[in-house]
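A quick write-up on the structure given underneath.
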Amino acid sequence: MEIDSEKTHERKQSDYTSLQDERFEIQKDMYRGQQYSQIYFVRLHLMRTLLYSLAPSWKPHLPVCKVLGLEEGKECIIVGTLFKHMKLKPCVLDEYSKERSVTPLVKPHNFMHPDDSLILEDESGRVKLGGSALSPPVYVTGVVVALHGKETSAGEFVVEDVLEAGLPPQLERPLDHLKEDKYVLLVSGLSIGSNSSNPLLFQLLVDHITGHVSDDEELGLAAQIVHVVIAGNSVEFPRKLLTGQNMASKDQSTLYEPIKELDIMLNQIAAGVSVDIMPGLNDPANFALPQQPLNRCLFPGSAPYNTFRSCTNPHSFDVDNIRFLGTSGQNIDDLDKYSEAESKLDFVERTLRWRHLAPTAPNTLGCYPFTDRDPFLIETCPHVYFVGNQDKYDSRLVKGSEGQLVRLICIPKFCETGVAVAVNLRNLECHTRSFNIQL
Amino acid sequence: MATTSNAKNMKGFYKQTKSNITGGISKSKPSSRKVSPKHAATQGSDATQPAALISHGSVDVNDGYDEKEEMLRQFDMNMAYGPCVGMTRVDRWERALRLGMNPPTEIERLLKTEKVQQDCLWQGRV
């Protein structure tokens with residue numbers, strides 16, 4: 001774009017591909033009444049094949065056996081899916097046993113308890129796990145691990161050591177790399193339509209991205225943005241209008257306001273730079289993961305642009321051969337409810353080391369019952385792994401045992417913090433861009 | 001719950017065929033099948049053929065069950081290929097192929113070329 005100054009800033013270009021998203025799309029699947037046993041089977045089979053290949057280099061002389069093949073006192077390795085038995089985990093039967101009250105029985109807080117125990121399960125059976133090597137607060141149901149230990153006379157399997165799958169192999173970052181800085185801007189939690197969101201704040205962000213600024217230096221910064229990703233919770237509908245009764249037409253148009261506003265803003269962004277929008281928990285998309293792309297008819301102004309892409313949640317794409325993988329936050333929020341860690345980034349790193357985006361799906365996180373695949377398995381290590389709608393910005397560089405390098409990012413909610421995150425494609429360094437209005 | 005039924009109703013209920021007038025439900029065919037076919041998929045139990053078979057809502061005296069169906073049922077019951085409920089047999093076979101389990105090609109041939117039941121053993125019954 002041109003401005004009235006001596007220097008003209010042109011936006012940098014980059015290659016964008018998004019072939020990985022196919023596995024998150026459910027277009028051709030037809031639900032045939034299947035249950036979740038199928039997805040657990042696929043997950044166990046694929047992870048077990050992987051762990052069997054890693055076991056010889058981990059503990060060379062130990063035999064590997066199935067759960068039913070355990071003999072008392074024999075030291076061996078078993079592989080299976082973890083199940084965490086939690087006392088406080090809400091159960092649908094509680095609805096019938098306790099008195100019905102107006103307030104919901106389940107409150108979103110952490111359901112951990114000191115008495116939680118872990119059980120290992122494979123298709124032949126399950127065994128209770130003991131010992132101090134495996135710490136229940138760290139693990140959740142749905143993680144596949146290999147355990148070294150032996151069975152006691154009480155029928156418990158005492159764990160001596162744990163093997164997680166570890167970081168998956170990573171594609172090489174192209175070395176003939178960018179001599180210049182190119183940034184991908186990540187933002188989430190716009191919550192247009194909510195009481196806490198200020199339209200002016202988002203407008204400032206849009207102006208920054210599109211270059212409607214007066215400062216030359218800022219214009220230079222804006223020209224270096226090659227891609228924008230909006231990671232979920234872009235709108236918040238006035239739910240008080242949804243009473244279950246017929247809605248007056250005036251209410252109908254009020255209900256639709258947030259989306260219209262979002263479309264106007266997206267239109268401004270899409271006119272200048274390629275933008276991906278992912279659905280989040282509050283967005284008008286399906287509830288179960290993987291959330292399908294927001295319908296293009298919701299964005300009549302932005303959809304005609306070929307720079308506008310409505311994407312799935314989780315979303316995986318490549319920009320200049322840098323692999324990005326991210327979610328709108330539901331997977332990490334669910335981990336937060338059923339396990340504990342010092343920071344949200346610990347959860348993110350754990351999902352990477354377990355090679356599974358959302359291990360608690362389908363147990364406590366809604367998920368489509370796939371029969372032929374588990375799309376949340378992370379097969380190739382991304383270069384940037386982001387999670388949206390977190391409370392604050394946080395970032396870490398993780399190094400793997402085979403030279404993998406991953407940038408983990410927690411994107412804060414924009415409506416509360418006014419912070420967007422910019423990732424430099426040249427060196428995977430990231431920083432925040434914050435917007436502030438003081439009235 | 002008492003239902004009044006008379007002989008007339010019962011005749012329509014049980015499909016009597018002329019060839020099989022032994023007055024009961026027979027398991028074995030006139031040609032003896034003492035040795036069940038040994039296939040790689042047949043590692044399951046032989047509890048797949050209970051005495052009275054009601055498949056898909058109709059009382060099936062002849063069972064509609066033959067050698068090929070027996071093979072397919074053993075494939076259904078084989079734990080190595082995962083749970084069978086909720087998937088068609090073809091889908092389960094293809095999944096087994098994609099996961100590298102080398103399912104027997106005989107099963108695929110049967111499912112794709114011959115007129116056999118596409119749904120698994122428990123479909124509609126569980």
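Residue numbering restarts at 1 in every chain; chains get A, B, ... in the order shown in the structure tokens, and ligands count up from 1 in that same order.
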
For a quick test of understanding: name the residues of chain B lying within 10 Å of chain A when counting only C-alpha atoms, and present them as a list in words.
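Result: Met79, Ala80, Tyr81, Gly82, Pro83, Cys84, Val85, Gly86, Met87, Thr88, Asp91, Arg92, Glu94, Arg95, Ala96, Arg98, Leu99, Gly100 and Gln123 of chain B.
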
Compile the contact shell of Thr81 of chain A as an MDAnalysis selection string: residues with an atom at most 10 Å away, counting only C-alpha atoms, same-chain residues fewer than 4 positions apart removed.
chainID A and resid 40:41 43:44 47:48 119:123 126 140:146 359

Now that the selection is made, can you save its residues with C-alpha atoms as a compact mmCIF listing (two decimals), in the first residue's frame?
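Output file selection03.txt is given in full below:
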# COMPACT_ATOMS: atom_id res chain seq x y z
CA TYR A 40 -9.65 -45.53 21.40
CA PHE A 41 -8.68 -48.65 19.48
CA ARG A 43 -5.25 -44.47 19.18
CA LEU A 44 -3.95 -47.43 21.17
CA MET A 47 0.70 -45.35 19.74
CA ARG A 48 1.48 -48.91 20.80
CA ILE A 119 -5.28 -47.62 35.76
CA LEU A 120 -3.70 -49.00 32.61
CA GLU A 121 -5.95 -50.58 30.05
CA ASP A 122 -5.50 -52.41 26.78
CA GLU A 123 -7.82 -54.63 24.83
CA ARG A 126 -6.87 -53.40 32.90
CA VAL A 140 -5.10 -37.75 32.38
CA THR A 141 -7.35 -40.41 30.89
CA GLY A 142 -6.54 -41.17 27.29
CA VAL A 143 -2.75 -40.92 27.29
CA VAL A 144 -0.94 -43.96 25.88
CA VAL A 145 2.32 -44.77 27.65
CA ALA A 146 4.72 -47.64 28.17
CA PRO A 359 -5.94 -36.84 25.21

Within 8 Å of Leu129 of chain A, counting only C-alpha atoms, which residues show up once you throw out same-chain ones fewer than 5 positions away? Write them as a ChimeraX atom specification, please.
/A:117-120,156-159

Since we have the selection now, will you write its residues out, keeping C-alpha atoms, as a short mmCIF file (atom, residue, chain, number, x, y, z; two decimals), in the first residue's frame?
data_model
loop_
_atom_site.label_atom_id
_atom_site.label_comp_id
_atom_site.auth_asym_id
_atom_site.auth_seq_id
_atom_site.Cartn_x
_atom_site.Cartn_y
_atom_site.Cartn_z
CA SER A 117 -5.61 -43.33 40.98
CA LEU A 118 -4.37 -44.44 37.60
CA ILE A 119 -5.28 -47.62 35.76
CA LEU A 120 -3.70 -49.00 32.61
CA GLU A 156 -1.38 -54.03 41.43
CA PHE A 157 1.28 -53.11 38.91
CA VAL A 158 4.05 -51.16 40.62
CA VAL A 159 5.57 -48.74 38.16
#

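Here atom CA of Arg11 of chain A is placed at a distance of 7.2 Å from atom CA of Ile225 of chain A.
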
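Take atom CA of Val116 of chain B and atom CA of Leu97 of chain B: the distance between them is 20.0 Å.
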
Could you jot down the atom CA of Arg355 of chain A to atom CA of Glu379 of chain A separation for me, Å, one decimal place?
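Between atom CA of Arg355 of chain A and atom CA of Glu379 of chain A the gap is 7.2 Å.
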
Could you list, as number ranges by chain, every residue within 10 Å of segment 22-26 of chain A, counting only C-alpha atoms and ignoring same-chain residues fewer than 5 positions away?
A: 31, 289-293, 311-316, 368, 370, 373-376

Restricting the calculation to only C-alpha atoms, which member of A:Pro304, A:Val162, A:Glu180, A:Pro168 is positioned closest to Asn424 of chain A?
A:Glu180

Based on the backbone DSSP call, show me all residues of segment 19-74 of chain A assigned alpha helix (DSSP H), as an mmCIF file with N, CA, C and O atoms, in the first residue's frame.
data_model
loop_
_atom_site.group_PDB
_atom_site.id
_atom_site.type_symbol
_atom_site.label_atom_id
_atom_site.label_comp_id
_atom_site.auth_asym_id
_atom_site.auth_seq_id
_atom_site.Cartn_x
_atom_site.Cartn_y
_atom_site.Cartn_z
ATOM 1 N N SER A 37 -15.353 -46.670 21.293
ATOM 2 C CA SER A 37 -14.351 -47.735 21.368
ATOM 3 C C SER A 37 -13.460 -47.723 20.130
ATOM 4 O O SER A 37 -12.286 -48.068 20.191
ATOM 5 N N GLN A 38 -14.026 -47.302 19.002
ATOM 6 C CA GLN A 38 -13.260 -47.336 17.759
ATOM 7 C C GLN A 38 -12.094 -46.356 17.801
ATOM 8 O O GLN A 38 -10.968 -46.686 17.421
ATOM 9 N N ILE A 39 -12.355 -45.132 18.260
ATOM 10 C CA ILE A 39 -11.290 -44.140 18.258
ATOM 11 C C ILE A 39 -10.220 -44.516 19.274
ATOM 12 O O ILE A 39 -9.034 -44.346 19.029
ATOM 13 N N TYR A 40 -10.635 -45.085 20.408
ATOM 14 C CA TYR A 40 -9.652 -45.525 21.397
ATOM 15 C C TYR A 40 -8.805 -46.665 20.844
ATOM 16 O O TYR A 40 -7.611 -46.762 21.126
ATOM 17 N N PHE A 41 -9.436 -47.544 20.064
ATOM 18 C CA PHE A 41 -8.682 -48.648 19.482
ATOM 19 C C PHE A 41 -7.618 -48.142 18.523
ATOM 20 O O PHE A 41 -6.459 -48.577 18.569
ATOM 21 N N VAL A 42 -8.006 -47.208 17.653
ATOM 22 C CA VAL A 42 -7.036 -46.681 16.682
ATOM 23 C C VAL A 42 -5.902 -45.979 17.407
ATOM 24 O O VAL A 42 -4.728 -46.154 17.092
ATOM 25 N N ARG A 43 -6.268 -45.207 18.440
ATOM 26 C CA ARG A 43 -5.249 -44.468 19.181
ATOM 27 C C ARG A 43 -4.270 -45.441 19.829
ATOM 28 O O ARG A 43 -3.063 -45.292 19.731
ATOM 29 N N LEU A 44 -4.822 -46.464 20.490
ATOM 30 C CA LEU A 44 -3.952 -47.431 21.167
ATOM 31 C C LEU A 44 -3.069 -48.152 20.168
ATOM 32 O O LEU A 44 -1.868 -48.324 20.382
ATOM 33 N N HIS A 45 -3.654 -48.573 19.046
ATOM 34 C CA HIS A 45 -2.875 -49.338 18.081
ATOM 35 C C HIS A 45 -1.706 -48.532 17.529
ATOM 36 O O HIS A 45 -0.568 -48.996 17.495
ATOM 37 N N LEU A 46 -1.983 -47.291 17.106
ATOM 38 C CA LEU A 46 -0.922 -46.488 16.504
ATOM 39 C C LEU A 46 0.148 -46.124 17.529
ATOM 40 O O LEU A 46 1.344 -46.224 17.266
ATOM 41 N N MET A 47 -0.278 -45.735 18.728
ATOM 42 C CA MET A 47 0.700 -45.353 19.744
ATOM 43 C C MET A 47 1.475 -46.566 20.229
ATOM 44 O O MET A 47 2.672 -46.482 20.532
ATOM 45 N N ARG A 48 0.806 -47.720 20.309
ATOM 46 C CA ARG A 48 1.483 -48.915 20.799
ATOM 47 C C ARG A 48 2.555 -49.359 19.816
ATOM 48 O O ARG A 48 3.651 -49.754 20.215
ATOM 49 N N THR A 49 2.241 -49.292 18.518
ATOM 50 C CA THR A 49 3.246 -49.656 17.507
ATOM 51 C C THR A 49 4.466 -48.763 17.681
ATOM 52 O O THR A 49 5.608 -49.228 17.645
ATOM 53 N N LEU A 50 4.216 -47.476 17.911
ATOM 54 C CA LEU A 50 5.309 -46.533 18.110
ATOM 55 C C LEU A 50 6.102 -46.862 19.361
ATOM 56 O O LEU A 50 7.335 -46.914 19.342
ATOM 57 N N LEU A 51 5.401 -47.120 20.472
ATOM 58 C CA LEU A 51 6.095 -47.359 21.737
ATOM 59 C C LEU A 51 6.850 -48.682 21.715
ATOM 60 O O LEU A 51 7.927 -48.798 22.289
ATOM 61 N N TYR A 52 6.294 -49.684 21.022
ATOM 62 C CA TYR A 52 7.019 -50.953 20.889
ATOM 63 C C TYR A 52 8.348 -50.728 20.169
ATOM 64 O O TYR A 52 9.337 -51.379 20.461
ATOM 65 N N SER A 53 8.352 -49.788 19.205
ATOM 66 C CA SER A 53 9.611 -49.549 18.489
ATOM 67 C C SER A 53 10.592 -48.772 19.351
ATOM 68 O O SER A 53 11.799 -48.860 19.157
ATOM 69 N N LEU A 54 10.074 -48.018 20.320
ATOM 70 C CA LEU A 54 10.988 -47.246 21.181
ATOM 71 C C LEU A 54 11.453 -48.055 22.391
ATOM 72 O O LEU A 54 12.478 -47.756 22.979
ATOM 73 N N ALA A 55 10.687 -49.078 22.766
ATOM 74 C CA ALA A 55 11.000 -49.830 23.993
ATOM 75 C C ALA A 55 12.376 -50.491 23.988
ATOM 76 O O ALA A 55 13.077 -50.434 24.995
ATOM 77 N N PRO A 56 12.819 -51.119 22.900
ATOM 78 C CA PRO A 56 14.134 -51.773 22.933
ATOM 79 C C PRO A 56 15.265 -50.813 23.254
ATOM 80 O O PRO A 56 16.214 -51.180 23.942
ATOM 81 N N SER A 57 15.202 -49.582 22.776
ATOM 82 C CA SER A 57 16.301 -48.665 23.078
ATOM 83 C C SER A 57 16.150 -48.054 24.468
ATOM 84 O O SER A 57 17.086 -47.509 25.028
ATOM 85 N N TRP A 58 14.983 -48.176 25.044
ATOM 86 C CA TRP A 58 14.749 -47.619 26.375
ATOM 87 C C TRP A 58 15.207 -48.625 27.437
ATOM 88 O O TRP A 58 16.040 -48.322 28.269
#

Can you pull out every residue within 6 Å of segment 232-236 of chain A, counting only C-alpha atoms, but drop anything in the same chain fewer than 3 positions away, and send it as a list in words?
Ser188, Gly189, Leu190, Ser191, Ile192, Gly193, Ser194, Pro258, Met278, Pro279, Gly280, Asn282, Asp283 and Ser328 of chain A
